[in-house]
Structure formats: C-alpha cells, structure tokens
Amino acid sequence: MKTYSIALIPGDGIGKDVISAAWQVLEKVAATAGFGLQPTSFPWSCAYYKETGAMMPVDGIETLRGFDAILLGAVGWPAEVPDSVSLHGLLLPIRKAFEQYANIRPHRLLPGVEGPLKARDFDILCIRENTEGEYSGAGGRVHQGTQNEVAVETSIFTRTGVERILRFGFEQARARRGKLASVTKSNAQKYSMVFWDEITARLAREYPDVTVTSYHIDAMAARMVMAPESLDVIVASNLFGDILTDLGAAIQGGLGFAASANLNPDRNAPSMFEPVHGSAPDIAHLGIANPIAAIWSGAMMLEHLGEKTAADAIMRAIAAATESGIGTVPGKDKTDTITHAVLNALA
Ligand code: NAD
Ligand code: IPM
Ligand code: MN
C-alpha cells in the first residue's frame, strides 16, 4: 500500500482544532481509498517558543525536508510572542526554505453558503508569490528609540522569482478558463512593479491562448467585490496576494472557508498546506472555529500527492455538509458538528 509521510504542525489557537478535524477526514478518506497516511506531529508553536526560546529546533527545516507534505494549522499568539518573532521563526522560513513559491488560494462559494455579495457565480484562483517581494525580510533599523530612528524594509523582486510565478499563473489560466489577471501597482512603484508588468507582457506572447489583463491592486480590490465573476486566475506579489486573499475569503463567506497550498512546483522539497486564516485568538477556546478551510487544504494536499479521487471525495463531502446547512453561518455550529457532518457525508 502506498503510504505518504505527513508532518503535522497544528501551531497555535484554532490551528490545533482545525488540524485535528482535517486529520480525521484525511484518515477516513485514506482508509476507503486504499492508501496510507503516516503522521508525525510537531509541537512547534508560540507555546513551544515560551518553553524553548525558539519556534522550532535549529534542525527543524532539515527534519521537515524528508516528509511528503506538511499540513499546518496557524502560527501566532501575539499576546505572548510578537508576530514578528513567531512568523519569522516558523511559517515564513518553511515557505522560503522549501521554495514553495506558489501560494494557491481558491475562492468560490460552497453550496448553502451565502457570502456578503449578491454574486454567486464566481470561481477565482488566486496565486500569490510566496518567497520574495515585500516579504524578502531585507532591511533594518538604526538609531532605535531616538528621534533619528530609521526603519528600512526593502522589497526584492528577482527575474527568476517573478518569471516563475507568472509562468505558473499562465499555466493555471490555460488549464482553467483562459483568463489571467496580473496585479501590480506600477503607477506608483516604478521599479519592481514595472519590472513585473514587463515580464507579464513578454510571457503573454508565449501564451496566445490566455487573455491577460494587468490591474492595479486598488482597482482589483474593488473588482473582487463589484464583479468577482469577471475573474478567473489572479497572480500577485507576496503582500498584495496576502491582502487580496483575505478579501477573497470574505466574499466566499469568511476565513473559515479559505484554503491554501504553498506549492513547490519543482517537487524537490515538500509542499505545505494550510488554511488562509490565523490562530483566531478571539474565538480560540470556544470550539466554534470552522474547520472547512483546513479540511479543504487537506484535499489540496491529497491532490498534490496524486490522490485526486480522494481529494474530490473530500470536496463532495464538504459540499454535502454545507448544502445541508451545517457550517454555513459563522459561529452557529461547533467545530465538532461540522467535522462530523463532513465525516458522515464521506461514508
Ligand atoms: P485570523 O485569521 O486569526 O482571524 C481574523 C478573524 O477571522 C477573527 O475574527 C477570527 O475569529 C476569524 N476567523 C479566522 N479563522 C476562522 C475560522 N476557521 N472559523 C471562524 N472564524 C475564523 O487573523 P488575525 O486575528 O489577524 O491573526 C491572529 C494570529 O494569527 C496572529 O498572530 C497572526 O499573525 C496569525 N496569523 C497566522 C496565519 C498563519 O499561520 N497562516 C495567518 C493569518 C494570521
Ligand atoms: C497568510 C498569513 C501570513 C502571511 C502571516 C501570518 C505572516 O497572513 O498566510 O496569509 O502574510 O503570509
Ligand atoms: Mn494572510
């Protein structure tokens, strides 16, 4: 029997609840589909930081490298550990070290989910550059605490980085409805974003079957609310993609529905799957986190591993649960109720 080794990093807050839910669903679908999932759970989190002084051990990345995939809940507990420490100690280094350069985030309404818009008919795939750009980490502060203090944080856009994410976007558009929206702010940022637009225009000549339109980020934010059905694949830089995908989550009914895959398309290191949302400290101890985003992320993991039939079965079970009204209204159903509805629908 084929068995996949999966590193589980539940992390903080609701991350633990939603990973437990996703794992129950994954185990059940694997048992019926006839493949194995071998989990190894890592306690790396803000609690781990409080105990050890680090978000993960020094050899954490090397430990993860041997797995077929990583399933992560959420990282961050800002009341106790600054986000600038926790995220740069765990989540962001994994994305960079394993060159998970394509962060894929689907936005569409599940059956029975209303969403805040009248539009029902959208199906957007947001592709976010995930290793550089505004998240390069290059910068520093000098004269700290004085009136002369200076803070510099530099965005880094490399030809390799921009080309590969745009190419990925063109390929996805080609495989879907043939429309690519490339998002920049090249009217204001005249070096990096103009560079991105130029590469978009050059690659477009290689993909005559894809209709590509360049948008400014501000106009795209409005379009996602006013005319989401006009969009197919969106490709954006790291920060712009981050912001647009919380907007995408909102129009699909909330963060509890937004799934994501941090893909290493070259497959020379593990990819990581995680909901778009964070640790949600405001609801963390209430047992009402929606696990659907994490379960959907688990389905994306199975698809990446080549288990498309099992991934489709999970998506059908999620749809059956929401169609029956379970999990559709934020806060109405308990995490366990939603998880059991998905598990039952799998049967
Ligand atoms: P958040 O996504 O945790 O929460 C934003 C809002 O959405 C909250 O009101 C929360 O209750 C709600 N929400 C989120 N997920 C939900 C779910 N599954 N079901 C129901 N409601 C849900 O964002 P935040 O509050 O800005 O961040 C909290 C912490 O998480 C911070 O430390 C932040 O840095 C971190 N964070 C981590 C990740 C990640 O690990 N990928 C992503 C985003 C934020
Ligand atoms: C996300 C999150 C992270 C990001 C944070 C927690 C660093 O918001 O995955 O969307 O900005 O990438
Ligand atoms: Mn985000």
# chains A, B, ... in the order shown; residues from 1 in each chain; ligands from 1
call {"tool": "residues_around", "arguments": {"residues": "region 72-84 of chain A", "least_positions_apart": "5", "cutoff": "10 Å", "atoms": "only C-alpha atoms", "output": "number ranges by chain"}}
result
A: 7-20, 22, 41-42, 44-47, 49-50, 55, 89-91, 272-281, 291, 293-294, 297-298
call {"tool": "residues_around", "arguments": {"residues": "Val329 (chain A)", "least_positions_apart": "2", "cutoff": "9 Å", "atoms": "only C-alpha atoms", "output": "list of chain:residue names"}}
result
A:Val113, A:Glu114, A:Gly253, A:Gly325, A:Ile326, A:Gly327, A:Gly331, A:Lys332, A:Asp333
call {"tool": "write_last_selection", "arguments": {"atoms": "N, CA and C atoms", "output": "mmCIF file, in the first residue's frame"}}
result
data_model
loop_
_atom_site.group_PDB
_atom_site.id
_atom_site.type_symbol
_atom_site.label_atom_id
_atom_site.label_comp_id
_atom_site.auth_asym_id
_atom_site.auth_seq_id
_atom_site.Cartn_x
_atom_site.Cartn_y
_atom_site.Cartn_z
ATOM 1 N N VAL A 113 -23.777 28.343 1.237
ATOM 2 C CA VAL A 113 -23.098 29.481 1.866
ATOM 3 C C VAL A 113 -23.498 30.754 1.117
ATOM 4 N N GLU A 114 -23.947 31.745 1.879
ATOM 5 C CA GLU A 114 -24.471 32.971 1.281
ATOM 6 C C GLU A 114 -23.365 33.893 0.790
ATOM 7 N N GLY A 253 -17.561 33.898 2.056
ATOM 8 C CA GLY A 253 -18.336 33.617 3.259
ATOM 9 C C GLY A 253 -17.546 33.718 4.548
ATOM 10 N N GLY A 325 -26.758 22.830 5.328
ATOM 11 C CA GLY A 325 -26.852 23.973 6.247
ATOM 12 C C GLY A 325 -25.846 23.931 7.392
ATOM 13 N N ILE A 326 -25.007 22.891 7.434
ATOM 14 C CA ILE A 326 -24.023 22.788 8.526
ATOM 15 C C ILE A 326 -22.790 23.622 8.184
ATOM 16 N N GLY A 327 -22.400 24.481 9.121
ATOM 17 C CA GLY A 327 -21.166 25.238 8.946
ATOM 18 C C GLY A 327 -21.288 26.467 8.072
ATOM 19 N N GLY A 331 -20.008 30.798 13.502
ATOM 20 C CA GLY A 331 -20.316 30.739 14.921
ATOM 21 C C GLY A 331 -21.528 29.908 15.286
ATOM 22 N N LYS A 332 -22.325 29.502 14.285
ATOM 23 C CA LYS A 332 -23.566 28.770 14.601
ATOM 24 C C LYS A 332 -23.273 27.331 15.041
ATOM 25 N N ASP A 333 -22.393 26.667 14.305
ATOM 26 C CA ASP A 333 -22.117 25.259 14.606
ATOM 27 C C ASP A 333 -20.748 25.094 15.242
#
call {"tool": "closest_atom_pairs", "arguments": {"of": "chain A", "to": "ligand 3", "cutoff": "9 Å", "atoms": "only C-alpha atoms and all ligand atoms", "output": "tab-separated table"}}
result
residue	atom	partner	partner_atom_place_in_ligand_line	distance
A:Leu239	CA	ligand 3	1 (Mn)	8.4
A:Gly241	CA	ligand 3	1 (Mn)	8.3
A:Asp242	CA	ligand 3	1 (Mn)	4.6
A:Ile243	CA	ligand 3	1 (Mn)	6.3
A:Leu244	CA	ligand 3	1 (Mn)	8.6
A:Thr245	CA	ligand 3	1 (Mn)	6.9
A:Asp246	CA	ligand 3	1 (Mn)	6.1
A:Val276	CA	ligand 3	1 (Mn)	6.1
A:His277	CA	ligand 3	1 (Mn)	6.6
A:Gly278	CA	ligand 3	1 (Mn)	7.6
call {"tool": "write_last_selection", "arguments": {"atoms": "N, CA and C atoms", "output": "PDB file, in the first residue's frame"}}
result
ATOM      1  N   LEU A 239       2.765  40.367  -0.749  1.00  0.00           N
ATOM      2  CA  LEU A 239       1.890  41.180   0.115  1.00  0.00           C
ATOM      3  C   LEU A 239       0.532  41.438  -0.531  1.00  0.00           C
ATOM      4  N   GLY A 241      -0.949  39.618  -2.706  1.00  0.00           N
ATOM      5  CA  GLY A 241      -1.693  38.350  -2.679  1.00  0.00           C
ATOM      6  C   GLY A 241      -2.221  38.043  -1.288  1.00  0.00           C
ATOM      7  N   ASP A 242      -1.453  38.400  -0.283  1.00  0.00           N
ATOM      8  CA  ASP A 242      -1.912  38.181   1.097  1.00  0.00           C
ATOM      9  C   ASP A 242      -3.209  38.953   1.342  1.00  0.00           C
ATOM     10  N   ILE A 243      -3.200  40.211   0.961  1.00  0.00           N
ATOM     11  CA  ILE A 243      -4.365  41.058   1.242  1.00  0.00           C
ATOM     12  C   ILE A 243      -5.564  40.629   0.386  1.00  0.00           C
ATOM     13  N   LEU A 244      -5.313  40.393  -0.889  1.00  0.00           N
ATOM     14  CA  LEU A 244      -6.433  40.014  -1.772  1.00  0.00           C
ATOM     15  C   LEU A 244      -7.064  38.690  -1.343  1.00  0.00           C
ATOM     16  N   THR A 245      -6.286  37.802  -0.727  1.00  0.00           N
ATOM     17  CA  THR A 245      -6.875  36.501  -0.371  1.00  0.00           C
ATOM     18  C   THR A 245      -7.676  36.553   0.935  1.00  0.00           C
ATOM     19  N   ASP A 246      -7.447  37.518   1.792  1.00  0.00           N
ATOM     20  CA  ASP A 246      -8.408  37.703   2.894  1.00  0.00           C
ATOM     21  C   ASP A 246      -9.694  38.320   2.334  1.00  0.00           C
ATOM     22  N   VAL A 276      -6.073  29.690   5.081  1.00  0.00           N
ATOM     23  CA  VAL A 276      -5.599  31.078   4.952  1.00  0.00           C
ATOM     24  C   VAL A 276      -5.624  31.785   6.309  1.00  0.00           C
ATOM     25  N   HIS A 277      -6.545  31.374   7.163  1.00  0.00           N
ATOM     26  CA  HIS A 277      -6.735  32.102   8.424  1.00  0.00           C
ATOM     27  C   HIS A 277      -5.616  31.869   9.429  1.00  0.00           C
ATOM     28  N   GLY A 278      -5.627  32.686  10.486  1.00  0.00           N
ATOM     29  CA  GLY A 278      -4.653  32.566  11.556  1.00  0.00           C
ATOM     30  C   GLY A 278      -5.209  31.821  12.756  1.00  0.00           C
TER      31      GLY A 278
END
call {"tool": "closest_residue", "arguments": {"among": "A:Ala221, A:Ile251, A:Ala151, A:Ile234", "to": "Phe168 (chain A)", "atoms": "only C-alpha atoms"}}
result
A:Ile234
call {"tool": "closest_residue", "arguments": {"among": "A:Gln172, A:Asn187, A:Gln144, A:Asn290", "to": "ligand 1", "atoms": "only C-alpha atoms and all ligand atoms"}}
result
A:Asn290
call {"tool": "closest_residue", "arguments": {"among": "A:Ser136, A:Ser230, A:Thr3, A:Thr339", "to": "ligand 2", "atoms": "only C-alpha atoms and all ligand atoms"}}
result
A:Ser136
call {"tool": "closest_residue", "arguments": {"among": "A:Arg65, A:Lys334, A:Arg95, A:Arg316", "to": "Pro111 (chain A)", "atoms": "only C-alpha atoms"}}
result
A:Arg316
call {"tool": "residues_around", "arguments": {"residues": "Thr184 (chain A)", "least_positions_apart": "2", "cutoff": "9 Å", "atoms": "only C-alpha atoms", "output": "MDAnalysis selection string"}}
result
chainID A and resid 182 186:187 189 193:194 196:197 214:217 236:237 240
call {"tool": "atom_distance", "arguments": {"atom1": "CA of His88 (chain A)", "atom2": "atom 4 (C, counted along the ligand's line) of ligand 2"}}
result
10.2 Å
call {"tool": "closest_residue", "arguments": {"among": "A:Asp59, A:Glu149, A:Glu27, A:Asp68", "to": "Met301 (chain A)", "atoms": "only C-alpha atoms"}}
result
A:Asp68
call {"tool": "select_by_dssp", "arguments": {"residues": "region 97-308 of chain A", "states": "strand (DSSP E or B)", "output": "NGL selection string"}}
result
:A and (102-108 or 123-129 or 133-142 or 150-156 or 179-184 or 211-216 or 233-236 or 259-263 or 271-275)
call {"tool": "closest_residue", "arguments": {"among": "A:Glu307, A:Pro330, A:Phe257, A:His143", "to": "Ile295 (chain A)", "atoms": "only C-alpha atoms"}}
result
A:Phe257
call {"tool": "select_by_dssp", "arguments": {"residues": "region 49-296 of chain A", "states": "alpha helix (DSSP H)", "output": "number ranges by chain"}}
result
A: 49-52, 60-65, 83-89, 91-97, 159-175, 192-204, 217-226, 238-251, 292-296
call {"tool": "atom_distance", "arguments": {"atom1": "CA of Val152 (chain A)", "atom2": "atom 40 (O, counted along the ligand's line) of ligand 1"}}
result
24.7 Å
call {"tool": "residues_around", "arguments": {"residues": "region 117-133 of chain A", "least_positions_apart": "6", "cutoff": "7 Å", "atoms": "only C-alpha atoms", "output": "number ranges by chain"}}
result
A: 95-96, 99-109, 155-157, 165, 169, 228-229, 231-238, 241, 245, 251
call {"tool": "write_last_selection", "arguments": {"atoms": "N, CA, C and O atoms", "output": "short mmCIF file (atom, residue, chain, number, x, y, z; two decimals), in the first residue's frame"}}
result
data_model
loop_
_atom_site.label_atom_id
_atom_site.label_comp_id
_atom_site.auth_asym_id
_atom_site.auth_seq_id
_atom_site.Cartn_x
_atom_site.Cartn_y
_atom_site.Cartn_z
N ARG A 95 8.20 28.34 4.06
CA ARG A 95 7.84 28.69 2.68
C ARG A 95 9.09 28.99 1.86
O ARG A 95 9.19 28.58 0.70
N LYS A 96 10.04 29.70 2.47
CA LYS A 96 11.23 30.10 1.71
C LYS A 96 12.19 28.93 1.53
O LYS A 96 12.69 28.70 0.42
N GLU A 99 11.25 26.54 -1.08
CA GLU A 99 10.88 27.18 -2.36
C GLU A 99 9.43 26.88 -2.75
O GLU A 99 9.12 26.51 -3.88
N GLN A 100 8.57 27.08 -1.76
CA GLN A 100 7.13 26.94 -2.01
C GLN A 100 6.67 28.24 -2.62
O GLN A 100 5.98 29.05 -2.00
N TYR A 101 7.07 28.46 -3.86
CA TYR A 101 6.93 29.82 -4.39
C TYR A 101 5.52 30.15 -4.86
O TYR A 101 5.18 31.30 -5.05
N ALA A 102 4.69 29.11 -5.03
CA ALA A 102 3.32 29.38 -5.50
C ALA A 102 2.32 29.12 -4.38
O ALA A 102 2.12 27.98 -3.97
N ASN A 103 1.73 30.17 -3.88
CA ASN A 103 0.70 30.03 -2.85
C ASN A 103 -0.66 30.14 -3.54
O ASN A 103 -1.04 31.20 -4.04
N ILE A 104 -1.37 29.02 -3.57
CA ILE A 104 -2.60 28.88 -4.34
C ILE A 104 -3.80 28.98 -3.41
O ILE A 104 -3.90 28.21 -2.46
N ARG A 105 -4.71 29.90 -3.70
CA ARG A 105 -5.86 30.08 -2.81
C ARG A 105 -7.16 30.19 -3.61
O ARG A 105 -7.40 31.20 -4.28
N PRO A 106 -7.98 29.15 -3.58
CA PRO A 106 -9.24 29.18 -4.33
C PRO A 106 -10.35 29.94 -3.59
O PRO A 106 -10.49 29.79 -2.37
N HIS A 107 -11.10 30.73 -4.33
CA HIS A 107 -12.22 31.47 -3.74
C HIS A 107 -13.47 31.19 -4.55
O HIS A 107 -13.61 31.65 -5.68
N ARG A 108 -14.35 30.42 -3.95
CA ARG A 108 -15.67 30.21 -4.55
C ARG A 108 -16.63 29.86 -3.43
O ARG A 108 -16.21 29.44 -2.35
N LEU A 109 -17.92 30.05 -3.70
CA LEU A 109 -18.93 29.79 -2.67
C LEU A 109 -19.28 28.31 -2.65
O LEU A 109 -19.54 27.71 -3.69
N SER A 155 11.66 45.63 -0.61
CA SER A 155 11.05 44.57 -1.41
C SER A 155 12.10 44.09 -2.40
O SER A 155 12.84 44.89 -2.96
N ILE A 156 12.12 42.78 -2.61
CA ILE A 156 13.08 42.25 -3.58
C ILE A 156 12.33 41.43 -4.62
O ILE A 156 11.61 40.49 -4.29
N PHE A 157 12.46 41.86 -5.86
CA PHE A 157 11.84 41.13 -6.97
C PHE A 157 12.95 40.67 -7.90
O PHE A 157 13.69 41.50 -8.44
N ILE A 165 6.62 32.68 -11.04
CA ILE A 165 5.24 32.78 -10.53
C ILE A 165 4.28 33.18 -11.65
O ILE A 165 3.15 32.69 -11.74
N GLY A 169 1.13 31.13 -13.17
CA GLY A 169 -0.19 31.74 -13.36
C GLY A 169 -0.74 31.51 -14.76
O GLY A 169 -1.91 31.15 -14.94
N PRO A 228 -16.81 39.93 -9.16
CA PRO A 228 -15.92 38.78 -8.98
C PRO A 228 -16.07 37.74 -10.08
O PRO A 228 -15.13 37.00 -10.37
N GLU A 229 -17.26 37.71 -10.71
CA GLU A 229 -17.49 36.71 -11.76
C GLU A 229 -16.67 37.01 -13.02
O GLU A 229 -16.52 36.15 -13.88
N LEU A 231 -13.54 37.37 -12.98
CA LEU A 231 -12.16 36.95 -12.72
C LEU A 231 -12.00 35.44 -12.79
O LEU A 231 -12.90 34.69 -12.39
N ASP A 232 -10.84 35.01 -13.27
CA ASP A 232 -10.53 33.58 -13.32
C ASP A 232 -9.28 33.35 -12.46
O ASP A 232 -9.39 33.09 -11.26
N VAL A 233 -8.08 33.53 -13.02
CA VAL A 233 -6.86 33.38 -12.24
C VAL A 233 -6.28 34.76 -11.97
O VAL A 233 -6.20 35.60 -12.87
N ILE A 234 -5.90 35.00 -10.72
CA ILE A 234 -5.24 36.24 -10.33
C ILE A 234 -3.82 35.89 -9.92
O ILE A 234 -3.62 34.93 -9.16
N VAL A 235 -2.85 36.65 -10.37
CA VAL A 235 -1.48 36.44 -9.90
C VAL A 235 -0.96 37.75 -9.33
O VAL A 235 -1.16 38.81 -9.91
N ALA A 236 -0.36 37.66 -8.14
CA ALA A 236 0.04 38.88 -7.44
C ALA A 236 1.28 38.62 -6.59
O ALA A 236 1.63 37.47 -6.29
N SER A 237 1.89 39.71 -6.17
CA SER A 237 3.09 39.62 -5.33
C SER A 237 2.69 39.13 -3.93
O SER A 237 1.52 39.01 -3.59
N ASN A 238 3.69 38.90 -3.12
CA ASN A 238 3.50 38.30 -1.80
C ASN A 238 2.52 39.09 -0.92
O ASN A 238 1.52 38.55 -0.43
N GLY A 241 -0.95 39.62 -2.71
CA GLY A 241 -1.69 38.35 -2.68
C GLY A 241 -2.22 38.04 -1.29
O GLY A 241 -3.31 37.49 -1.12
N THR A 245 -6.29 37.80 -0.73
CA THR A 245 -6.87 36.50 -0.37
C THR A 245 -7.68 36.55 0.94
O THR A 245 -8.51 35.68 1.15
N ILE A 251 -15.43 37.26 0.54
CA ILE A 251 -16.54 37.12 -0.42
C ILE A 251 -17.00 35.66 -0.53
O ILE A 251 -18.09 35.40 -1.01
#
call {"tool": "decode", "arguments": {"residues": "region 195-210 of chain A", "atoms": "N, CA, C and O atoms", "output": "mmCIF file, in the first residue's frame"}}
result
data_model
loop_
_atom_site.group_PDB
_atom_site.id
_atom_site.type_symbol
_atom_site.label_atom_id
_atom_site.label_comp_id
_atom_site.auth_asym_id
_atom_site.auth_seq_id
_atom_site.Cartn_x
_atom_site.Cartn_y
_atom_site.Cartn_z
ATOM 1 N N PHE A 195 8.777 46.286 -13.628
ATOM 2 C CA PHE A 195 9.513 45.054 -13.976
ATOM 3 C C PHE A 195 8.527 43.886 -14.107
ATOM 4 O O PHE A 195 8.529 43.134 -15.092
ATOM 5 N N TRP A 196 7.648 43.740 -13.123
ATOM 6 C CA TRP A 196 6.633 42.665 -13.131
ATOM 7 C C TRP A 196 5.734 42.786 -14.368
ATOM 8 O O TRP A 196 5.482 41.806 -15.071
ATOM 9 N N ASP A 197 5.262 44.007 -14.641
ATOM 10 C CA ASP A 197 4.386 44.214 -15.808
ATOM 11 C C ASP A 197 5.103 43.854 -17.108
ATOM 12 O O ASP A 197 4.510 43.275 -18.022
ATOM 13 N N GLU A 198 6.381 44.215 -17.195
ATOM 14 C CA GLU A 198 7.141 43.911 -18.420
ATOM 15 C C GLU A 198 7.255 42.407 -18.626
ATOM 16 O O GLU A 198 7.096 41.912 -19.746
ATOM 17 N N ILE A 199 7.519 41.695 -17.542
ATOM 18 C CA ILE A 199 7.658 40.236 -17.674
ATOM 19 C C ILE A 199 6.306 39.617 -18.031
ATOM 20 O O ILE A 199 6.216 38.697 -18.846
ATOM 21 N N THR A 200 5.236 40.151 -17.454
ATOM 22 C CA THR A 200 3.886 39.679 -17.813
ATOM 23 C C THR A 200 3.663 39.834 -19.321
ATOM 24 O O THR A 200 3.213 38.898 -19.998
ATOM 25 N N ALA A 201 3.996 41.016 -19.832
ATOM 26 C CA ALA A 201 3.754 41.282 -21.261
ATOM 27 C C ALA A 201 4.614 40.368 -22.132
ATOM 28 O O ALA A 201 4.155 39.862 -23.165
ATOM 29 N N ARG A 202 5.846 40.117 -21.704
ATOM 30 C CA ARG A 202 6.722 39.252 -22.509
ATOM 31 C C ARG A 202 6.201 37.816 -22.508
ATOM 32 O O ARG A 202 6.098 37.174 -23.558
ATOM 33 N N LEU A 203 5.834 37.296 -21.325
ATOM 34 C CA LEU A 203 5.349 35.909 -21.252
ATOM 35 C C LEU A 203 4.027 35.745 -21.996
ATOM 36 O O LEU A 203 3.732 34.666 -22.521
ATOM 37 N N ALA A 204 3.224 36.813 -22.030
ATOM 38 C CA ALA A 204 1.915 36.722 -22.694
ATOM 39 C C ALA A 204 2.076 36.266 -24.140
ATOM 40 O O ALA A 204 1.216 35.558 -24.671
ATOM 41 N N ARG A 205 3.203 36.618 -24.753
ATOM 42 C CA ARG A 205 3.415 36.223 -26.153
ATOM 43 C C ARG A 205 3.581 34.703 -26.282
ATOM 44 O O ARG A 205 3.295 34.127 -27.329
ATOM 45 N N GLU A 206 4.018 34.063 -25.199
ATOM 46 C CA GLU A 206 4.155 32.591 -25.223
ATOM 47 C C GLU A 206 2.828 31.889 -24.973
ATOM 48 O O GLU A 206 2.721 30.681 -25.119
ATOM 49 N N TYR A 207 1.839 32.643 -24.497
ATOM 50 C CA TYR A 207 0.539 32.037 -24.150
ATOM 51 C C TYR A 207 -0.586 32.759 -24.904
ATOM 52 O O TYR A 207 -1.420 33.420 -24.291
ATOM 53 N N PRO A 208 -0.598 32.638 -26.238
ATOM 54 C CA PRO A 208 -1.607 33.370 -27.014
ATOM 55 C C PRO A 208 -3.031 32.927 -26.681
ATOM 56 O O PRO A 208 -3.988 33.659 -26.928
ATOM 57 N N ASP A 209 -3.168 31.731 -26.096
ATOM 58 C CA ASP A 209 -4.497 31.226 -25.746
ATOM 59 C C ASP A 209 -4.991 31.789 -24.411
ATOM 60 O O ASP A 209 -6.128 31.546 -24.021
ATOM 61 N N VAL A 210 -4.141 32.522 -23.697
ATOM 62 C CA VAL A 210 -4.554 33.110 -22.416
ATOM 63 C C VAL A 210 -4.755 34.611 -22.593
ATOM 64 O O VAL A 210 -3.910 35.293 -23.158
#
